[in-house]
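Q: Sharing entry23.cif here; it has mmCIF, C-alpha atoms.
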```cif
data_my_file
#
loop_
_atom_site.group_PDB
_atom_site.id
_atom_site.type_symbol
_atom_site.label_atom_id
_atom_site.label_comp_id
_atom_site.auth_asym_id
_atom_site.auth_seq_id
_atom_site.Cartn_x
_atom_site.Cartn_y
_atom_site.Cartn_z
ATOM 1 C CA MET A 20 0.000 0.000 0.000
ATOM 2 C CA ALA A 21 1.271 3.441 -0.894
ATOM 3 C CA ASP A 22 2.081 5.979 1.792
ATOM 4 C CA LEU A 23 -0.989 8.197 1.407
ATOM 5 C CA SER A 24 0.709 10.971 3.379
ATOM 6 C CA ASP A 25 3.051 11.307 0.378
ATOM 7 C CA MET A 26 1.095 13.406 -2.142
ATOM 8 C CA LYS A 27 2.754 11.913 -5.221
ATOM 9 C CA ALA A 28 2.273 8.342 -3.999
ATOM 10 C CA ALA A 29 -1.379 9.030 -3.180
ATOM 11 C CA LEU A 30 -2.099 10.572 -6.585
ATOM 12 C CA HIS A 31 -0.314 7.733 -8.344
ATOM 13 C CA LEU A 32 -2.264 5.130 -6.357
ATOM 14 C CA TYR A 33 -5.590 6.599 -7.487
ATOM 15 C CA LEU A 34 -4.452 6.826 -11.107
ATOM 16 C CA ARG A 35 -3.343 3.183 -11.102
ATOM 17 C CA GLY A 36 -6.565 2.050 -9.450
ATOM 18 C CA THR A 37 -8.704 3.893 -11.985
ATOM 19 C CA ARG A 38 -6.796 2.271 -14.858
ATOM 20 C CA GLU A 39 -7.359 -1.189 -13.447
ATOM 21 C CA ASP A 40 -11.046 -0.475 -12.811
ATOM 22 C CA LEU A 41 -11.435 0.439 -16.465
ATOM 23 C CA ILE A 42 -9.519 -2.559 -17.815
ATOM 24 C CA TRP A 43 -11.452 -5.151 -15.818
ATOM 25 C CA LYS A 44 -14.766 -3.948 -17.263
ATOM 26 C CA LEU A 45 -13.751 -5.820 -20.442
ATOM 27 C CA ASP A 46 -13.153 -9.128 -18.620
ATOM 28 C CA GLY A 47 -14.984 -12.114 -20.049
ATOM 29 C CA LEU A 48 -16.425 -10.284 -23.058
ATOM 30 C CA SER A 49 -15.957 -11.278 -26.694
ATOM 31 C CA GLU A 50 -14.430 -9.078 -29.398
ATOM 32 C CA ARG A 51 -17.907 -8.264 -30.651
ATOM 33 C CA GLU A 52 -19.255 -7.428 -27.207
ATOM 34 C CA VAL A 53 -16.450 -4.965 -26.398
ATOM 35 C CA ARG A 54 -16.755 -3.278 -29.812
ATOM 36 C CA LEU A 55 -20.526 -3.054 -30.089
ATOM 37 C CA PRO A 56 -21.822 0.541 -29.847
ATOM 38 C CA ARG A 57 -23.944 0.941 -26.711
ATOM 39 C CA THR A 58 -25.025 4.582 -26.967
ATOM 40 C CA ALA A 59 -26.398 6.920 -29.608
ATOM 41 C CA THR A 60 -22.876 8.339 -30.031
ATOM 42 C CA GLY A 61 -21.256 4.926 -30.491
ATOM 43 C CA ASN A 62 -19.626 4.505 -27.078
ATOM 44 C CA ASN A 63 -18.243 1.015 -26.637
ATOM 45 C CA LEU A 64 -15.998 -0.562 -24.028
ATOM 46 C CA LEU A 65 -12.982 -1.130 -26.256
ATOM 47 C CA GLY A 66 -13.215 2.379 -27.660
ATOM 48 C CA ILE A 67 -13.218 3.845 -24.162
ATOM 49 C CA LEU A 68 -10.093 1.841 -23.334
ATOM 50 C CA LYS A 69 -8.371 2.924 -26.563
ATOM 51 C CA HIS A 70 -9.211 6.570 -25.896
ATOM 52 C CA CYS A 71 -7.829 6.380 -22.356
ATOM 53 C CA LEU A 72 -4.548 4.761 -23.364
ATOM 54 C CA ASN A 73 -4.014 7.487 -25.962
ATOM 55 C CA VAL A 74 -4.826 10.150 -23.359
ATOM 56 C CA GLU A 75 -2.187 8.763 -20.992
ATOM 57 C CA ALA A 76 0.421 8.398 -23.727
ATOM 58 C CA GLY A 77 -0.056 12.046 -24.693
ATOM 59 C CA TYR A 78 -0.182 13.614 -21.278
ATOM 60 C CA PHE A 79 2.689 11.635 -19.769
ATOM 61 C CA GLY A 80 4.749 11.676 -22.971
ATOM 62 C CA PRO A 81 5.035 14.793 -25.151
ATOM 63 C CA THR A 82 3.800 17.019 -22.328
ATOM 64 C CA PHE A 83 7.053 16.204 -20.514
ATOM 65 C CA GLY A 84 9.338 15.849 -23.529
ATOM 66 C CA ARG A 85 9.051 12.064 -23.780
ATOM 67 C CA GLU A 86 7.888 9.878 -26.652
ATOM 68 C CA PHE A 87 6.234 6.497 -26.294
ATOM 69 C CA PRO A 88 8.709 3.880 -27.618
ATOM 70 C CA THR A 89 6.342 2.650 -30.347
ATOM 71 C CA PRO A 90 4.373 5.750 -31.370
ATOM 72 C CA ASP A 91 3.008 4.005 -34.470
ATOM 73 C CA GLU A 92 0.751 1.988 -32.124
ATOM 74 C CA LEU A 93 -0.979 5.167 -30.964
ATOM 75 C CA VAL A 94 -3.522 7.318 -32.788
ATOM 76 C CA PRO A 95 -1.530 10.171 -34.379
ATOM 77 C CA MET A 96 -2.814 13.727 -33.967
ATOM 78 C CA ALA A 97 -3.174 14.017 -37.754
ATOM 79 C CA ALA A 98 -5.763 11.206 -37.741
ATOM 80 C CA PHE A 99 -8.242 13.484 -35.992
ATOM 81 C CA ASP A 100 -8.355 15.795 -39.027
ATOM 82 C CA GLU A 101 -9.937 12.981 -41.028
ATOM 83 C CA ASP A 102 -11.847 11.281 -38.197
ATOM 84 C CA PRO A 103 -12.500 13.255 -34.994
ATOM 85 C CA GLN A 104 -13.462 9.983 -33.282
ATOM 86 C CA ALA A 105 -10.279 8.153 -34.341
ATOM 87 C CA ASP A 106 -9.367 7.047 -30.816
ATOM 88 C CA TRP A 107 -12.882 5.985 -29.767
ATOM 89 C CA TYR A 108 -13.083 2.627 -31.559
ATOM 90 C CA ALA A 109 -10.859 -0.309 -32.373
ATOM 91 C CA THR A 110 -9.963 -0.742 -36.016
ATOM 92 C CA GLU A 111 -10.348 -4.098 -37.742
ATOM 93 C CA ASP A 112 -6.692 -4.994 -37.156
ATOM 94 C CA GLU A 113 -6.785 -4.141 -33.428
ATOM 95 C CA THR A 114 -7.926 -6.671 -30.834
ATOM 96 C CA LYS A 115 -9.166 -6.524 -27.271
ATOM 97 C CA ASP A 116 -6.110 -8.377 -25.972
ATOM 98 C CA GLY A 117 -3.787 -6.266 -28.107
ATOM 99 C CA LEU A 118 -5.235 -2.984 -26.861
ATOM 100 C CA ILE A 119 -5.197 -4.159 -23.241
ATOM 101 C CA ASP A 120 -1.535 -5.087 -23.693
ATOM 102 C CA LEU A 121 -0.859 -1.690 -25.290
ATOM 103 C CA TYR A 122 -2.611 0.055 -22.396
ATOM 104 C CA ARG A 123 -0.460 -1.819 -19.890
ATOM 105 C CA ARG A 124 2.669 -0.707 -21.765
ATOM 106 C CA VAL A 125 1.388 2.875 -21.944
ATOM 107 C CA ALA A 126 0.651 2.699 -18.209
ATOM 108 C CA ALA A 127 4.228 1.544 -17.502
ATOM 109 C CA PHE A 128 5.485 4.435 -19.670
ATOM 110 C CA ALA A 129 3.271 6.916 -17.792
ATOM 111 C CA ASP A 130 4.393 5.458 -14.474
ATOM 112 C CA GLN A 131 8.022 6.050 -15.472
ATOM 113 C CA THR A 132 7.257 9.718 -16.092
ATOM 114 C CA ILE A 133 5.591 9.985 -12.698
ATOM 115 C CA ASP A 134 8.388 8.090 -10.924
ATOM 116 C CA GLN A 135 11.192 10.091 -12.549
ATOM 117 C CA LEU A 136 9.817 13.607 -12.136
ATOM 118 C CA PRO A 137 8.907 15.688 -9.084
ATOM 119 C CA LEU A 138 5.316 16.909 -8.784
ATOM 120 C CA ASP A 139 6.380 20.448 -9.657
ATOM 121 C CA ALA A 140 8.130 19.342 -12.880
ATOM 122 C CA PRO A 141 7.081 21.677 -15.689
ATOM 123 C CA GLY A 142 5.297 20.410 -18.753
ATOM 124 C CA HIS A 143 3.646 21.866 -21.821
ATOM 125 C CA VAL A 144 0.349 20.636 -23.315
ATOM 126 C CA SER A 145 0.590 21.777 -26.932
ATOM 127 C CA TRP A 146 -3.038 20.949 -27.756
ATOM 128 C CA TRP A 147 -4.490 23.143 -24.982
ATOM 129 C CA ARG A 148 -5.405 26.743 -25.698
ATOM 130 C CA PRO A 149 -2.637 29.347 -25.432
ATOM 131 C CA GLY A 150 -2.286 30.746 -21.949
ATOM 132 C CA SER A 151 -3.138 27.452 -20.248
ATOM 133 C CA GLN A 152 -0.569 25.151 -21.866
ATOM 134 C CA ASP A 153 2.077 25.316 -19.143
ATOM 135 C CA VAL A 154 1.415 22.709 -16.465
ATOM 136 C CA THR A 155 3.064 20.691 -13.722
ATOM 137 C CA LEU A 156 3.183 16.941 -13.273
ATOM 138 C CA HIS A 157 0.901 17.410 -10.256
ATOM 139 C CA ARG A 158 -1.783 19.030 -12.393
ATOM 140 C CA ILE A 159 -1.484 16.409 -15.138
ATOM 141 C CA ILE A 160 -1.822 13.468 -12.744
ATOM 142 C CA ILE A 161 -5.024 15.023 -11.384
ATOM 143 C CA HIS A 162 -6.295 15.901 -14.867
ATOM 144 C CA VAL A 163 -5.696 12.406 -16.259
ATOM 145 C CA THR A 164 -7.101 10.645 -13.181
ATOM 146 C CA CYS A 165 -10.304 12.703 -13.421
ATOM 147 C CA ASP A 166 -10.580 12.002 -17.148
ATOM 148 C CA LEU A 167 -10.039 8.264 -16.668
ATOM 149 C CA ALA A 168 -12.495 8.155 -13.762
ATOM 150 C CA ARG A 169 -15.160 9.750 -15.927
ATOM 151 C CA HIS A 170 -14.605 7.161 -18.639
ATOM 152 C CA ALA A 171 -14.478 4.308 -16.122
ATOM 153 C CA GLY A 172 -17.937 5.490 -15.055
ATOM 154 C CA HIS A 173 -19.070 5.254 -18.677
ATOM 155 C CA ALA A 174 -17.691 1.718 -18.781
ATOM 156 C CA ASP A 175 -19.509 0.849 -15.529
ATOM 157 C CA ILE A 176 -22.856 1.800 -17.023
ATOM 158 C CA ILE A 177 -22.200 0.174 -20.401
ATOM 159 C CA ARG A 178 -21.146 -3.093 -18.758
ATOM 160 C CA GLU A 179 -24.127 -3.085 -16.380
ATOM 161 C CA GLN A 180 -26.518 -2.534 -19.281
ATOM 162 C CA HIS A 181 -24.849 -5.348 -21.242
ATOM 163 C CA ASP A 182 -24.859 -8.174 -18.714
ATOM 164 C CA ALA A 183 -25.600 -6.663 -15.286
ATOM 165 C CA ALA A 184 -21.945 -7.004 -14.226
ATOM 166 C CA ILE A 185 -21.594 -4.375 -11.545
ATOM 167 C CA GLY A 186 -19.114 -3.192 -8.995
ATOM 168 C CA LEU A 187 -16.541 -0.665 -8.054
ATOM 169 C CA ARG A 188 -13.578 -3.017 -8.303
ATOM 170 C CA ARG A 189 -12.784 -6.521 -9.445
ATOM 171 C CA ASP A 190 -12.630 -7.703 -5.821
ATOM 172 C CA SER A 191 -15.362 -5.536 -4.289
ATOM 173 C CA THR A 192 -18.691 -4.462 -5.696
ATOM 174 C CA ILE A 193 -19.528 -2.343 -2.600
ATOM 175 C CA LEU A 194 -23.153 -3.192 -3.346
ATOM 176 C CA PRO A 195 -25.419 -5.171 -1.017
ATOM 177 C CA ASP A 196 -25.506 -8.933 -1.578
ATOM 178 C CA ASP A 197 -28.809 -10.618 -2.478
ATOM 179 C CA PHE A 198 -30.549 -7.290 -3.010
ATOM 180 C CA ASP A 199 -33.882 -7.280 -4.859
ATOM 181 C CA TRP A 200 -32.838 -4.995 -7.703
ATOM 182 C CA PRO A 201 -36.069 -5.375 -9.724
ATOM 183 C CA ALA A 202 -38.092 -4.290 -6.679
ATOM 184 C CA TYR A 203 -35.721 -1.371 -6.114
ATOM 185 C CA VAL A 204 -36.002 -0.246 -9.754
ATOM 186 C CA SER A 205 -39.794 -0.574 -9.535
ATOM 187 C CA LYS A 206 -39.797 1.572 -6.393
ATOM 188 C CA LEU A 207 -37.726 4.281 -8.086
ATOM 189 C CA THR A 208 -39.875 4.153 -11.232
ATOM 190 C CA LYS A 209 -43.044 4.630 -9.181
ATOM 191 C CA LEU A 210 -41.456 7.528 -7.376
ATOM 192 C CA ALA A 211 -40.409 9.155 -10.661
ATOM 193 C CA ASP A 212 -43.847 8.567 -12.188
ATOM 194 C CA ARG A 213 -45.391 10.688 -9.438
ATOM 195 C CA PHE A 214 -43.765 13.675 -11.152
ATOM 196 C CA ALA A 215 -45.045 12.872 -14.654
#
```
The structure given in the file should be rewritten as structure tokens.

A:
Amino acid sequence: MADLSDMKAALHLYLRGTREDLIWKLDGLSEREVRLPRTATGNNLLGILKHCLNVEAGYFGPTFGREFPTPDELVPMAAFDEDPQADWYATEDETKDGLIDLYRRVAAFADQTIDQLPLDAPGHVSWWRPGSQDVTLHRIIIHVTCDLARHAGHADIIREQHDAAIGLRRDSTILPDDFDWPAYVSKLTKLADRFA
């Protein structure tokens, strides 16, 4: 367990936990199931994962003068000119296992940046608007953790809608056991209907 009195260790712990929470939402699902669009805007579990790995590679790489060792595996910035959703879906030649492996390698790369630099290390986010591009490692760890947490929440809902797999973490759902969910949903629906 990290020393949570150490700010950097605490921030890093939450970032790592959020990554793992996102990755395990794909456990046990087929290639089709992780790719299938689940919302009106095409959100899918594998696309969320691909987006997040590209986010981490960018923020913990070029922002601090580092380049991921195999940049050709990432979505290049130029791809967004042709397809603004380029990092939100897996292409035909990408696989669930391949993208999970890539995310783990990106995570190790990001972790190296965090381990090697102090929290006040300066960085520069070239794709942010002028005047707000200069950052610190501290700010980027918080920014990326919040972004990943938001997308892990998307994955939570998508997975629950797919097969009712729920839970905060792989080893702890934090939800009551043997709860009558249909009765609970019925109760909430009746309550909402009172305001129709």

Q: Using all atoms listed in the file, list the residues that have an atom at most 9 Å from (-13.7, -6.2, -21.8), coordinates as in the file, as a ChimeraX atom specification.

A: /A:41-50,52-53,64-65,68,115-116,119,178

Q: If the box runs along x, y and z of the file and leaves 3 Å on each side of segment 98-115 of chain A, what are its centre and edge lengths in Å, one decimal, as lines of an AutoDock Vina configuration file?

A:
```
center_x = -9.6
center_y = 4.6
center_z = -34.1
size_x = 13.7
size_y = 28.5
size_z = 19.8
```

Q: Just say which residues the PyMOL selection byres ((chain A and resi 146) around 12) picks in this file, as a list of chain:residue names.

A: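 Going through the file, the PyMOL selection byres ((chain A and resi 146) around 12) ends up selecting A:Val74, A:Gly77, A:Tyr78, A:Pro81, A:Thr82, A:Met96, A:His143, A:Val144, A:Ser145, A:Trp147, A:Arg148, A:Pro149, A:Gly150, A:Ser151, A:Gln152, A:Asp153.
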
Q: Show me, as a ChimeraX atom specification, the residues that have an atom within 7 Å of Val154 of chain A when counting all atoms listed in the file, minus same-chain residues fewer than 3 positions from it.

A: /A:141-143,158

Q: Check which residues satisfy the PyMOL selection byres ((chain A and resi 171) around 10) in the file shown, then give them as a PyMOL selection string.

A: chain A and resi 37-44+64+67-68+71+165-170+172-177+187

Q: Residues within 7 Å of Ala76 of chain A, please, as a list in words. Count all atoms listed in the file; anything in the same chain fewer than 5 positions from it doesn't count.

A: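 What passes the distance filter is Phe87, Val125 and Ala129 of chain A.
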
Q: Dump C-alpha atoms for the selected residues as an mmCIF file, in the coordinates of the input?

A:
```
data_model
loop_
_atom_site.group_PDB
_atom_site.id
_atom_site.type_symbol
_atom_site.label_atom_id
_atom_site.label_comp_id
_atom_site.auth_asym_id
_atom_site.auth_seq_id
_atom_site.Cartn_x
_atom_site.Cartn_y
_atom_site.Cartn_z
ATOM 1 C CA PHE A 87 6.234 6.497 -26.294
ATOM 2 C CA VAL A 125 1.388 2.875 -21.944
ATOM 3 C CA ALA A 129 3.271 6.916 -17.792
#
```

Q: Using the chain letters and numbers from the file, which residues does the PyMOL selection byres ((chain A and resi 160) around 12) grab, as a PyMOL selection string?

A: chain A and resi 26-35+37+74-75+78-79+82+129-130+132-134+136-140+142+154-159+161-168

Q: Work out how far atom CA of Gln135 of chain A is from atom CA of Leu23 of chain A, in Å to one decimal.

A: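 Result for atom CA of Leu23 of chain A versus atom CA of Gln135 of chain A: 18.6 Å, one decimal.
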
Q: From the set A:Leu55, A:Val204, A:Leu210, A:Ala109, which residue has the shortest atom-to-atom contact distance to Glu92 of chain A, counting only C-alpha atoms?

A: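 The answer is A:Ala109, which sits nearest to Glu92 of chain A.
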
Q: Pick the closest to Asp106 of chain A from A:Asp120, A:Asn73, A:Gly80, A:Glu86: which is it, counting only C-alpha atoms?

A: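 So, comparing all the options, the nearest one is A:Asn73.
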
Q: From the options A:Trp107, A:Glu113, A:Leu93, A:Asp25, which residue's atoms come nearest to Asn63 of chain A, counting only C-alpha atoms?

A: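 Among the listed residues, A:Trp107 lies closest to Asn63 of chain A.
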
Q: Calculate how many Å separate atom CA of Phe99 of chain A from atom CA of Gly66 of chain A, rounding to one decimal.

A: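 Answer for the atom CA of Phe99 of chain A to atom CA of Gly66 of chain A separation: 14.7 Å.
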
Q: Using only C-alpha atoms, pick whichever of A:Phe83, A:Phe214, A:Trp200, A:Tyr108 has the shortest atom-to-atom distance to Phe128 of chain A.

A: A:Phe83

Q: Would you mind putting all heavy atoms back on segment 48-59 of chain A and writing the result as a compact mmCIF listing (two decimals), in the coordinates of the input?

A:
```txt
# COMPACT_ATOMS: atom_id res chain seq x y z
N LEU A 48 -15.60 -10.67 -21.91
CA LEU A 48 -16.42 -10.28 -23.06
C LEU A 48 -15.72 -10.62 -24.37
O LEU A 48 -14.49 -10.57 -24.46
CB LEU A 48 -16.73 -8.78 -23.01
CG LEU A 48 -17.55 -8.31 -21.81
CD1 LEU A 48 -17.77 -6.81 -21.89
CD2 LEU A 48 -18.87 -9.05 -21.71
N SER A 49 -16.50 -10.94 -25.37
CA SER A 49 -15.96 -11.28 -26.69
C SER A 49 -15.53 -10.01 -27.43
O SER A 49 -15.87 -8.89 -27.03
CB SER A 49 -17.02 -12.00 -27.52
OG SER A 49 -18.06 -11.09 -27.88
N GLU A 50 -14.82 -10.21 -28.54
CA GLU A 50 -14.43 -9.08 -29.40
C GLU A 50 -15.66 -8.27 -29.83
O GLU A 50 -15.64 -7.05 -29.80
CB GLU A 50 -13.69 -9.57 -30.64
CG GLU A 50 -12.27 -9.99 -30.40
CD GLU A 50 -11.31 -8.84 -30.13
OE1 GLU A 50 -11.56 -7.70 -30.54
OE2 GLU A 50 -10.27 -9.10 -29.50
N ARG A 51 -16.70 -8.97 -30.22
CA ARG A 51 -17.91 -8.26 -30.65
C ARG A 51 -18.52 -7.48 -29.50
O ARG A 51 -18.91 -6.32 -29.67
CB ARG A 51 -18.94 -9.24 -31.22
CG ARG A 51 -20.20 -8.54 -31.71
CD ARG A 51 -21.23 -9.51 -32.28
NE ARG A 51 -22.32 -8.80 -32.89
CZ ARG A 51 -23.37 -8.31 -32.23
NH1 ARG A 51 -23.46 -8.45 -30.92
NH2 ARG A 51 -24.33 -7.66 -32.87
N GLU A 52 -18.61 -8.09 -28.35
CA GLU A 52 -19.26 -7.43 -27.21
C GLU A 52 -18.51 -6.17 -26.77
O GLU A 52 -19.15 -5.18 -26.41
CB GLU A 52 -19.36 -8.40 -26.03
CG GLU A 52 -20.37 -9.51 -26.27
CD GLU A 52 -20.29 -10.63 -25.25
OE1 GLU A 52 -19.18 -10.94 -24.76
OE2 GLU A 52 -21.35 -11.19 -24.93
N VAL A 53 -17.19 -6.16 -26.82
CA VAL A 53 -16.45 -4.96 -26.40
C VAL A 53 -16.45 -3.88 -27.46
O VAL A 53 -16.21 -2.71 -27.16
CB VAL A 53 -15.00 -5.28 -25.97
CG1 VAL A 53 -14.98 -6.16 -24.74
CG2 VAL A 53 -14.17 -5.87 -27.10
N ARG A 54 -16.74 -4.24 -28.71
CA ARG A 54 -16.76 -3.28 -29.81
C ARG A 54 -18.15 -2.70 -30.10
O ARG A 54 -18.27 -1.65 -30.71
CB ARG A 54 -16.28 -3.96 -31.10
CG ARG A 54 -14.84 -4.36 -31.11
CD ARG A 54 -14.55 -5.30 -32.29
NE ARG A 54 -13.17 -5.66 -32.35
CZ ARG A 54 -12.24 -4.99 -33.02
NH1 ARG A 54 -12.57 -3.92 -33.71
NH2 ARG A 54 -11.00 -5.40 -33.01
N LEU A 55 -19.16 -3.42 -29.72
CA LEU A 55 -20.53 -3.05 -30.09
C LEU A 55 -20.92 -1.70 -29.51
O LEU A 55 -20.81 -1.48 -28.31
CB LEU A 55 -21.50 -4.13 -29.59
CG LEU A 55 -22.90 -4.08 -30.16
CD1 LEU A 55 -22.89 -4.33 -31.67
CD2 LEU A 55 -23.77 -5.11 -29.47
N PRO A 56 -21.38 -0.76 -30.35
CA PRO A 56 -21.82 0.54 -29.85
C PRO A 56 -22.99 0.37 -28.87
O PRO A 56 -23.92 -0.40 -29.15
CB PRO A 56 -22.27 1.29 -31.10
CG PRO A 56 -21.59 0.59 -32.24
CD PRO A 56 -21.47 -0.84 -31.82
N ARG A 57 -22.93 1.08 -27.76
CA ARG A 57 -23.94 0.94 -26.71
C ARG A 57 -24.71 2.23 -26.46
O ARG A 57 -25.60 2.26 -25.63
CB ARG A 57 -23.29 0.49 -25.40
CG ARG A 57 -22.52 -0.81 -25.50
CD ARG A 57 -23.43 -1.98 -25.63
NE ARG A 57 -22.67 -3.22 -25.77
CZ ARG A 57 -23.22 -4.40 -25.74
NH1 ARG A 57 -24.51 -4.54 -25.58
NH2 ARG A 57 -22.47 -5.48 -25.89
N THR A 58 -24.33 3.31 -27.14
CA THR A 58 -25.02 4.58 -26.97
C THR A 58 -25.29 5.19 -28.34
O THR A 58 -24.75 4.74 -29.35
CB THR A 58 -24.18 5.58 -26.14
OG1 THR A 58 -23.07 6.02 -26.93
CG2 THR A 58 -23.71 4.98 -24.82
N ALA A 59 -26.08 6.24 -28.35
CA ALA A 59 -26.40 6.92 -29.61
C ALA A 59 -25.17 7.55 -30.25
O ALA A 59 -25.16 7.83 -31.45
CB ALA A 59 -27.46 7.99 -29.36
```
